[in-house]
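Participant: Data file start-v7.txt (compact mmCIF, C-alpha atoms) is appended below.
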# COMPACT_ATOMS: atom_id res chain seq x y z
CA MET A 1 0.00 0.00 0.00
CA VAL A 2 1.40 3.41 -1.05
CA PHE A 3 0.38 6.74 0.49
CA LEU A 4 0.01 9.02 -2.51
CA SER A 5 -1.78 12.07 -1.02
CA LEU A 6 0.54 12.80 1.94
CA SER A 7 3.12 14.45 -0.31
CA CYS A 8 0.46 16.80 -1.72
CA TRP A 9 -0.14 18.29 1.74
CA ILE A 10 3.49 19.42 2.33
CA ARG A 11 4.19 23.01 1.29
CA ASN A 12 7.72 24.02 0.35
CA ARG A 13 8.04 27.75 0.78
CA GLY A 14 10.98 29.94 -0.21
CA PRO A 15 14.32 28.83 1.27
CA ASP A 16 15.77 32.32 1.75
CA ARG A 17 13.30 34.22 3.98
CA PHE A 18 15.98 34.68 6.65
CA TRP A 19 18.30 36.56 4.33
CA LYS A 20 15.54 38.68 2.82
CA VAL A 21 14.51 39.81 6.29
CA GLN A 22 18.11 40.37 7.37
CA GLU A 23 18.82 42.63 4.41
CA ILE A 24 16.26 45.08 5.79
CA VAL A 25 16.67 44.59 9.53
CA LYS A 26 20.46 44.98 9.37
CA HIS A 27 19.90 48.68 8.57
CA ALA A 28 17.74 49.04 11.71
CA ARG A 29 20.03 47.45 14.30
CA HIS A 30 20.90 50.76 16.02
CA PHE A 31 17.27 51.88 16.43
CA ARG A 32 15.35 52.06 19.68
CA GLY A 33 12.60 49.69 20.76
CA ARG A 34 11.08 46.82 18.78
CA LYS A 35 11.92 48.53 15.49
CA ASN A 36 15.39 47.01 15.66
CA ARG A 37 14.11 43.40 15.85
CA CYS A 38 10.65 42.92 14.35
CA TYR A 39 10.37 42.98 10.58
CA SER A 40 7.01 44.75 10.14
CA LEU A 41 8.03 47.67 12.37
CA ALA A 42 11.55 47.72 11.00
CA VAL A 43 10.43 48.01 7.39
CA ARG A 44 8.59 51.27 8.08
CA ALA A 45 11.41 52.69 10.18
CA VAL A 46 14.06 51.82 7.60
CA ARG A 47 12.08 53.39 4.76
CA ARG A 48 11.71 56.60 6.82
CA ALA A 49 15.42 56.59 7.62
CA PHE A 50 16.37 56.25 3.95
CA VAL A 51 14.00 59.08 2.99
CA TYR A 52 15.58 61.34 5.62
CA ALA A 53 19.04 60.36 4.34
CA THR A 54 18.21 61.37 0.76
CA LYS A 55 16.71 64.67 1.84
CA ALA A 56 19.70 65.39 4.07
CA ARG A 57 22.20 65.24 1.21
CA THR A 58 21.17 68.74 0.04
CA LEU A 59 20.84 70.01 3.63
CA LYS A 60 24.35 68.84 4.49
CA LYS A 61 25.82 71.12 1.85
CA ARG A 62 23.86 74.09 3.24
CA ASN A 63 24.80 73.34 6.85
CA MET A 64 28.47 72.92 6.07
CA ARG A 65 28.51 76.25 4.25
CA THR A 66 26.90 78.09 7.18
CA LEU A 67 29.38 76.44 9.55
CA TRP A 68 32.31 77.59 7.41
CA ILE A 69 30.88 81.10 7.30
CA THR A 70 30.44 81.20 11.11
CA ARG A 71 34.02 80.04 11.61
CA ILE A 72 35.45 82.53 9.14
CA ALA A 73 33.44 85.33 10.79
CA ALA A 74 34.76 84.38 14.23
CA ALA A 75 38.37 84.23 13.04
CA SER A 76 38.15 87.52 11.14
CA ARG A 77 36.65 89.29 14.16
CA GLU A 78 39.68 88.17 16.13
CA HIS A 79 41.75 90.15 13.62
CA GLY A 80 39.49 93.21 13.62
CA MET A 81 37.61 92.65 10.36
CA LYS A 82 34.03 91.58 9.79
CA TYR A 83 33.04 88.65 7.57
CA PRO A 84 31.22 90.61 4.78
CA ALA A 85 34.10 93.07 4.51
CA LEU A 86 36.65 90.24 4.38
CA ILE A 87 34.88 88.28 1.64
CA HIS A 88 34.10 91.36 -0.45
CA ASN A 89 37.67 92.61 -0.34
CA LEU A 90 39.09 89.17 -1.08
CA THR A 91 36.90 88.83 -4.18
CA LYS A 92 37.86 92.34 -5.26
CA SER A 93 41.51 91.33 -4.97
CA SER A 94 40.64 88.28 -7.14
CA VAL A 95 41.47 85.73 -4.41
CA GLN A 96 39.26 82.80 -5.39
CA LEU A 97 39.52 80.71 -2.21
CA ASN A 98 36.25 79.12 -1.20
CA ARG A 99 34.83 79.23 2.31
CA GLN A 100 35.87 75.65 3.06
CA MET A 101 39.53 76.39 2.46
CA ILE A 102 39.44 79.71 4.28
CA SER A 103 37.84 78.11 7.36
CA THR A 104 40.37 75.23 7.45
CA MET A 105 43.14 77.78 7.06
CA ALA A 106 41.73 79.81 9.94
CA ILE A 107 41.94 76.74 12.17
CA THR A 108 45.15 75.01 11.11
CA GLU A 109 47.18 77.86 9.60
CA PRO A 110 46.48 81.00 11.62
CA ARG A 111 49.34 83.02 10.16
CA SER A 112 48.19 82.50 6.56
CA PHE A 113 44.72 83.57 7.63
CA LEU A 114 46.23 86.67 9.26
CA SER A 115 47.95 87.52 5.99
CA LEU A 116 44.64 87.13 4.14
CA ALA A 117 42.98 89.45 6.65
CA LYS A 118 45.73 92.05 6.17
CA LEU A 119 45.36 91.78 2.41
CA ALA A 120 41.64 92.40 2.68
CA ARG A 121 42.23 95.33 5.04
CA ALA A 122 44.69 96.94 2.62
CA ARG A 123 42.25 96.53 -0.27
CA GLN A 124 39.53 98.06 1.89
CA GLN A 125 41.68 101.09 2.69
CA GLU A 126 42.44 101.52 -1.01
CA GLY A 127 38.74 101.40 -1.75
CA PHE A 128 38.06 104.08 0.85
CA ARG A 129 40.87 106.26 -0.53
CA ALA A 130 39.55 105.90 -4.05
CA ALA A 131 36.02 106.76 -2.97
CA LEU A 132 36.85 109.68 -0.67
CA GLY A 133 40.10 111.05 -2.05
CA ASP A 134 38.99 112.72 -5.35
CA GLY A 135 41.29 110.67 -7.57
CA LYS A 136 44.40 112.83 -7.36
CA GLU A 137 46.29 110.15 -5.40
CA PRO A 138 47.72 107.20 -7.35
CA PRO A 139 45.38 104.17 -7.42
CA GLY A 140 46.41 101.40 -5.05
CA VAL A 141 48.48 98.34 -5.88
CA LEU A 142 45.74 95.82 -5.18
CA SER A 143 43.06 97.70 -7.08
CA ARG A 144 44.54 96.87 -10.48
CA VAL A 145 41.76 94.49 -11.32
CA VAL A 146 43.02 91.48 -13.23
CA LEU A 147 40.06 89.23 -13.95
CA LEU A 148 36.59 89.33 -12.39
CA GLN A 149 33.75 87.37 -13.96
CA TYR B 1 46.95 73.71 16.71
CA GLN B 2 47.88 76.59 18.93
CA TRP B 3 48.28 75.82 22.63
CA ALA B 4 45.12 75.80 24.78
CA THR B 5 42.83 75.92 21.73
CA PHE B 6 40.12 73.90 23.49
CA ALA B 7 40.44 75.58 26.87
CA ARG B 8 37.44 77.21 28.48
CA SER B 9 38.37 80.79 29.35
CA TRP B 10 36.69 83.24 31.72
CA PHE B 11 35.77 86.70 30.40
CA VAL B 12 34.80 89.68 32.53
CA ILE B 13 32.61 92.56 31.29
CA ASP B 14 32.02 95.79 33.19
CA ALA B 15 28.43 96.87 32.56
CA ARG B 16 28.66 100.36 34.10
CA MET B 17 26.68 102.88 31.97
CA GLN B 18 26.29 100.31 29.15
CA PRO B 19 23.11 99.34 27.26
CA PRO B 20 22.11 95.86 28.50
CA GLY B 21 21.30 94.66 24.97
CA LYS B 22 24.85 95.19 23.71
CA ILE B 23 26.24 93.55 26.86
CA ALA B 24 23.89 90.61 26.33
CA SER B 25 24.85 90.15 22.68
CA MET B 26 28.57 90.08 23.55
CA CYS B 27 27.81 87.57 26.33
CA SER B 28 25.75 85.30 24.12
CA ILE B 29 28.42 85.17 21.40
CA ARG B 30 31.03 84.09 23.92
CA LEU B 31 28.77 81.67 25.77
CA GLN B 32 28.02 79.81 22.53
CA GLY B 33 31.65 79.82 21.47
CA LYS B 34 31.01 81.70 18.22
CA HIS B 35 34.09 83.85 18.80
CA LYS B 36 36.31 80.82 18.16
CA PRO B 37 37.22 79.50 14.69
CA ILE B 38 36.75 75.95 16.05
CA TYR B 39 33.05 76.58 16.73
CA HIS B 40 30.55 73.75 16.36
CA ALA B 41 27.10 73.53 17.95
CA LEU B 42 27.72 70.03 19.30
CA SER B 43 31.26 70.51 20.58
CA ASP B 44 30.93 72.16 23.96
CA CYS B 45 33.12 75.19 23.17
CA GLY B 46 31.44 77.95 25.16
CA ASP B 47 33.31 80.07 27.68
CA HIS B 48 32.42 81.51 31.07
CA VAL B 49 31.35 85.17 31.21
CA VAL B 50 31.25 87.28 34.38
CA VAL B 51 29.24 90.53 34.24
CA ILE B 52 30.03 93.19 36.86
CA ASN B 53 28.16 96.32 38.03
CA THR B 54 24.84 95.33 36.56
CA LYS B 55 23.01 97.63 38.95
CA GLU B 56 24.56 100.55 37.01
CA ILE B 57 23.14 99.43 33.67
CA ALA B 58 21.86 102.22 31.38
CA PHE B 59 18.94 101.89 28.98
CA SER B 60 18.72 104.50 26.22
CA GLY B 61 15.55 106.47 25.60
CA ASN B 62 12.53 106.03 27.87
CA LYS B 63 12.92 102.29 28.21
CA TRP B 64 13.10 102.35 32.00
CA GLU B 65 9.43 103.33 32.05
CA GLN B 66 8.24 101.92 28.73
CA LYS B 67 9.85 98.47 28.52
CA VAL B 68 7.57 95.85 30.05
CA TYR B 69 8.60 92.41 31.26
CA SER B 70 5.62 90.05 31.37
CA SER B 71 5.20 86.67 32.99
CA HIS B 72 2.40 84.33 34.01
CA THR B 73 2.33 82.33 37.22
CA GLY B 74 0.19 79.59 35.68
CA TYR B 75 -2.79 80.30 37.91
CA PRO B 76 -5.85 82.15 36.51
CA GLY B 77 -5.52 85.89 36.87
CA GLY B 78 -1.77 85.51 37.30
CA PHE B 79 -0.57 87.58 34.35
CA LYS B 80 2.02 90.00 35.74
CA GLN B 81 3.50 92.92 33.85
CA VAL B 82 6.42 94.78 35.38
CA THR B 83 8.26 97.83 34.01
CA ALA B 84 12.02 97.64 33.64
CA ALA B 85 12.53 100.13 36.49
CA GLN B 86 10.46 98.07 38.94
CA LEU B 87 12.16 94.83 37.91
CA HIS B 88 15.60 96.41 38.31
CA HIS B 89 14.65 97.65 41.77
CA LYS B 90 13.47 94.21 42.81
CA ASP B 91 16.39 92.28 41.28
CA PRO B 92 19.28 94.12 39.59
CA LYS B 93 20.57 90.95 37.90
CA ALA B 94 17.30 90.07 36.15
CA ILE B 95 17.47 92.45 33.18
CA VAL B 96 20.84 91.20 31.96
CA ARG B 97 19.89 87.59 32.69
CA LEU B 98 16.64 87.79 30.70
CA ALA B 99 18.36 89.62 27.84
CA VAL B 100 21.05 86.94 27.52
CA TYR B 101 18.45 84.15 27.88
CA GLY B 102 16.52 85.55 24.92
CA MET B 103 19.64 85.87 22.76
CA LEU B 104 20.91 82.32 23.19
CA PRO B 105 19.72 79.62 20.73
CA LYS B 106 16.46 78.06 21.88
CA ASN B 107 17.68 74.52 22.50
CA LEU B 108 18.67 72.31 25.41
CA HIS B 109 22.16 73.83 25.58
CA ARG B 110 20.66 77.15 26.66
CA ARG B 111 20.36 76.14 30.32
CA THR B 112 23.98 74.99 30.54
CA MET B 113 25.09 78.20 28.87
CA MET B 114 23.10 80.22 31.42
CA GLN B 115 24.85 78.29 34.17
CA ARG B 116 28.17 79.43 32.71
CA LEU B 117 27.06 83.08 32.90
CA HIS B 118 27.79 84.78 36.23
CA ILE B 119 26.16 88.14 36.98
CA PHE B 120 27.06 90.38 39.91
CA PRO B 121 25.26 93.65 40.69
CA ASP B 122 28.43 95.33 42.00
CA ASP B 123 32.21 94.98 42.01
CA VAL B 124 32.48 92.35 44.73
CA LEU B 125 33.51 88.97 43.31
CA PRO B 126 34.07 85.72 45.19
CA GLU B 127 37.71 84.64 45.43
CA ASP B 128 37.43 81.52 43.27
CA ILE B 129 35.86 83.42 40.34
CA ARG B 130 38.39 86.21 40.66
CA ALA B 131 41.19 83.63 40.48
CA ASN B 132 39.80 82.17 37.24
CA LEU B 133 39.37 85.36 35.19
CA THR B 134 41.51 85.49 32.05
CA GLU B 135 40.40 88.39 29.86
CA GLU B 136 38.51 91.65 30.22
CA LEU B 137 36.40 92.66 27.24
CA PRO B 138 36.25 96.33 26.13
CA GLN B 139 33.01 98.15 26.79
CA PRO B 140 30.70 98.48 23.77
CA ARG B 141 29.61 102.05 24.49
CA GLU B 142 31.92 104.98 25.12
CA ILE B 143 30.80 106.69 28.32
CA PRO B 144 30.22 110.42 27.65
CA ARG B 145 31.79 112.78 30.18
CA LYS B 146 29.73 114.98 32.44
CA LEU B 147 30.07 118.76 32.28
CA ASN B 148 31.93 118.94 35.60
CA GLU B 149 34.54 116.47 34.24
CA TYR B 150 35.67 118.85 31.48
CA THR B 151 38.46 121.28 32.31
CA GLN B 152 37.74 125.02 32.02
CA GLU B 153 40.18 125.32 29.06
CA GLU B 154 38.25 122.69 27.08
CA ILE B 155 34.96 124.46 27.81
CA ASP B 156 36.40 127.77 26.60
CA ALA B 157 37.99 126.15 23.53
CA PHE B 158 34.63 124.74 22.40
CA PRO B 159 33.20 126.79 19.47
CA ARG B 160 30.11 128.90 20.14
CA LEU B 161 27.20 127.32 18.26
CA TRP B 162 24.44 129.83 18.92
CA THR B 163 23.95 133.17 20.70
CA PRO B 164 21.21 133.15 23.34
Hey, can you dump this file as structure tokens for me?

Facilitator:
Amino acid sequence: MVFLSLSCWIRNRGPDRFWKVQEIVKHARHFRGRKNRCYSLAVRAVRRAFVYATKARTLKKRNMRTLWITRIAAASREHGMKYPALIHNLTKSSVQLNRQMISTMAITEPRSFLSLAKLARARQQEGFRAALGDGKEPPGVLSRVVLLQ
Amino acid sequence: YQWATFARSWFVIDARMQPPGKIASMCSIRLQGKHKPIYHALSDCGDHVVVINTKEIAFSGNKWEQKVYSSHTGYPGGFKQVTAAQLHHKDPKAIVRLAVYGMLPKNLHRRTMMQRLHIFPDDVLPEDIRANLTEELPQPREIPRKLNEYTQEEIDAFPRLWTP
């Protein structure tokens, strides 16, 4: 006698459920509560986290730029200049350093930053002399504009 | 880096005849650490600030009578409004403290920054604070001289602006 119908009752489901679940839950391991263990809760939390990560890529650039600007403003105030004056005079002297480089220079190379501040101050004084002095004095050295787009 | 870059220094500000708003803005910049090129909001880089002579603070204009500080006790009918002159009479430290509190960023670091601010109504400082002070900041407002502080030669040398 052969049992023919027993084999029809056994269901073979997918062999790789463990790895499919792990590939999502591994991104949630540092979360708080049951979201770091249970798949249904973790799926929603992981999707939210990825959405925040994509939106943050543009915000990171903005935040870094404001941080650089704050740091440059602090360092230039230590040398007696204000941030808008510094940047304006540096661009007028055609110094094309971006804010990232100027802020790292202000932290790691204080003397180079001091020389930049003095350059900006000299250009500022030349600008004042040109505006107030009726043009009979010779124009300043730094005001010979080379290339400004 | 330069030596003692990450040290926490103690500043002292003399508030005699100064507008409390300018004093408060200087305080808030140094409490947050925004005067340092290594500033970051998460790195705890604020300094201590000691304010002296706050009972001789000087508002400009009619603010002593017109500026109103309001608060609510939480109970019904508990809305209190006090003019700046009355508040200063009751507590000479409160005006500077409230001004700095409003100028700091509105997050959880504000309370720790307020704990690093030390206000004294007069010149008397405790010994341990006096031992810690590192730098005195210049006053934001130049105090104008009174007429009896000018010498007679300066008064005579002043040009006559109008004939009475």

Participant: Leaving out range 55-66 of chain A and any residue of its chain fewer than 2 positions from it, which residues lie within 12 Å of it when counting all atoms listed in the file, given as a list in words?

Facilitator: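 Neighbouring residues, sequence-local ones excluded: Arg48, Ala49, Phe50, Val51, Tyr52, Ala53, Trp68, Ile69, Thr70, Arg71, Ile72, Ala73, Asn98, Arg99, Gln100, Met101, Ile102 and Ser103 of chain A; Tyr39, His40 and Ala41 of chain B.
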
Participant: Write out as a ChimeraX atom specification which residues come within 8 Å of range 64-75 of chain B when counting all atoms listed in the file, dropping same-chain ones fewer than 6 positions away.

Facilitator: /B:81-85,87

Participant: To one decimal in Å, tell me the separation between CA of Leu133 in chain B and CA of Val12 in chain B.

Facilitator: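 Separation of CA of Leu133 in chain B and CA of Val12 in chain B: 6.8 Å.
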
Participant: In Å to one decimal, how far is CA of Arg47 in chain A from CA of Phe31 in chain A?

Facilitator: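 So the answer is 12.9 Å.
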
Participant: Give me the residues near range 19-21 of chain B as a ChimeraX atom specification, where near means some atom within 8 Å (using all atoms listed in the file) and where sequence neighbours in that chain fewer than 5 positions away do not count.

Facilitator: /B:57-60,95-96,99,141

Participant: Could you list, with a cut-off of 6 Å and counting all atoms listed in the file, the residues of chain B near chain A, each shown with its nearest atom pair and the distance in Å rounded to one decimal, rows sorted by chain and ascending number, as CSV?

Facilitator:
residue,atom,partner,partner_atom,distance
B:His35,CA,A:Ala74,CA,4.6
B:Lys36,CA,A:Ala74,CA,5.5
B:Pro37,CA,A:Arg71,CA,4.5

Participant: Could you list, as a VMD selection string, every residue within 8 Å of Arg121 in chain A, counting only C-alpha atoms and ignoring same-chain residues fewer than 5 positions away?

Facilitator: chain A and resid 81 86 89

Participant: Skipping near chain neighbours, those fewer than 5 positions away, what residues fall within 12 Å of Ala7 in chain B using all atoms listed in the file, listed as a PyMOL selection string?

Facilitator: chain B and resi 2+33+36+38+44-48+134

Participant: Hey, can you spit out that residue selection with C-alpha atoms as a compact mmCIF listing (two decimals), in the coordinates of the input?

Facilitator:
# COMPACT_ATOMS: atom_id res chain seq x y z
CA GLN B 2 47.88 76.59 18.93
CA GLY B 33 31.65 79.82 21.47
CA LYS B 36 36.31 80.82 18.16
CA ILE B 38 36.75 75.95 16.05
CA ASP B 44 30.93 72.16 23.96
CA CYS B 45 33.12 75.19 23.17
CA GLY B 46 31.44 77.95 25.16
CA ASP B 47 33.31 80.07 27.68
CA HIS B 48 32.42 81.51 31.07
CA THR B 134 41.51 85.49 32.05

Participant: Pull the neighbourhood of (21.7, 98.4, 44.2) for me: all residues within 8 Å in file coordinates, counting only C-alpha atoms, as a ChimeraX atom specification.

Facilitator: /B:55,89,92,121-122
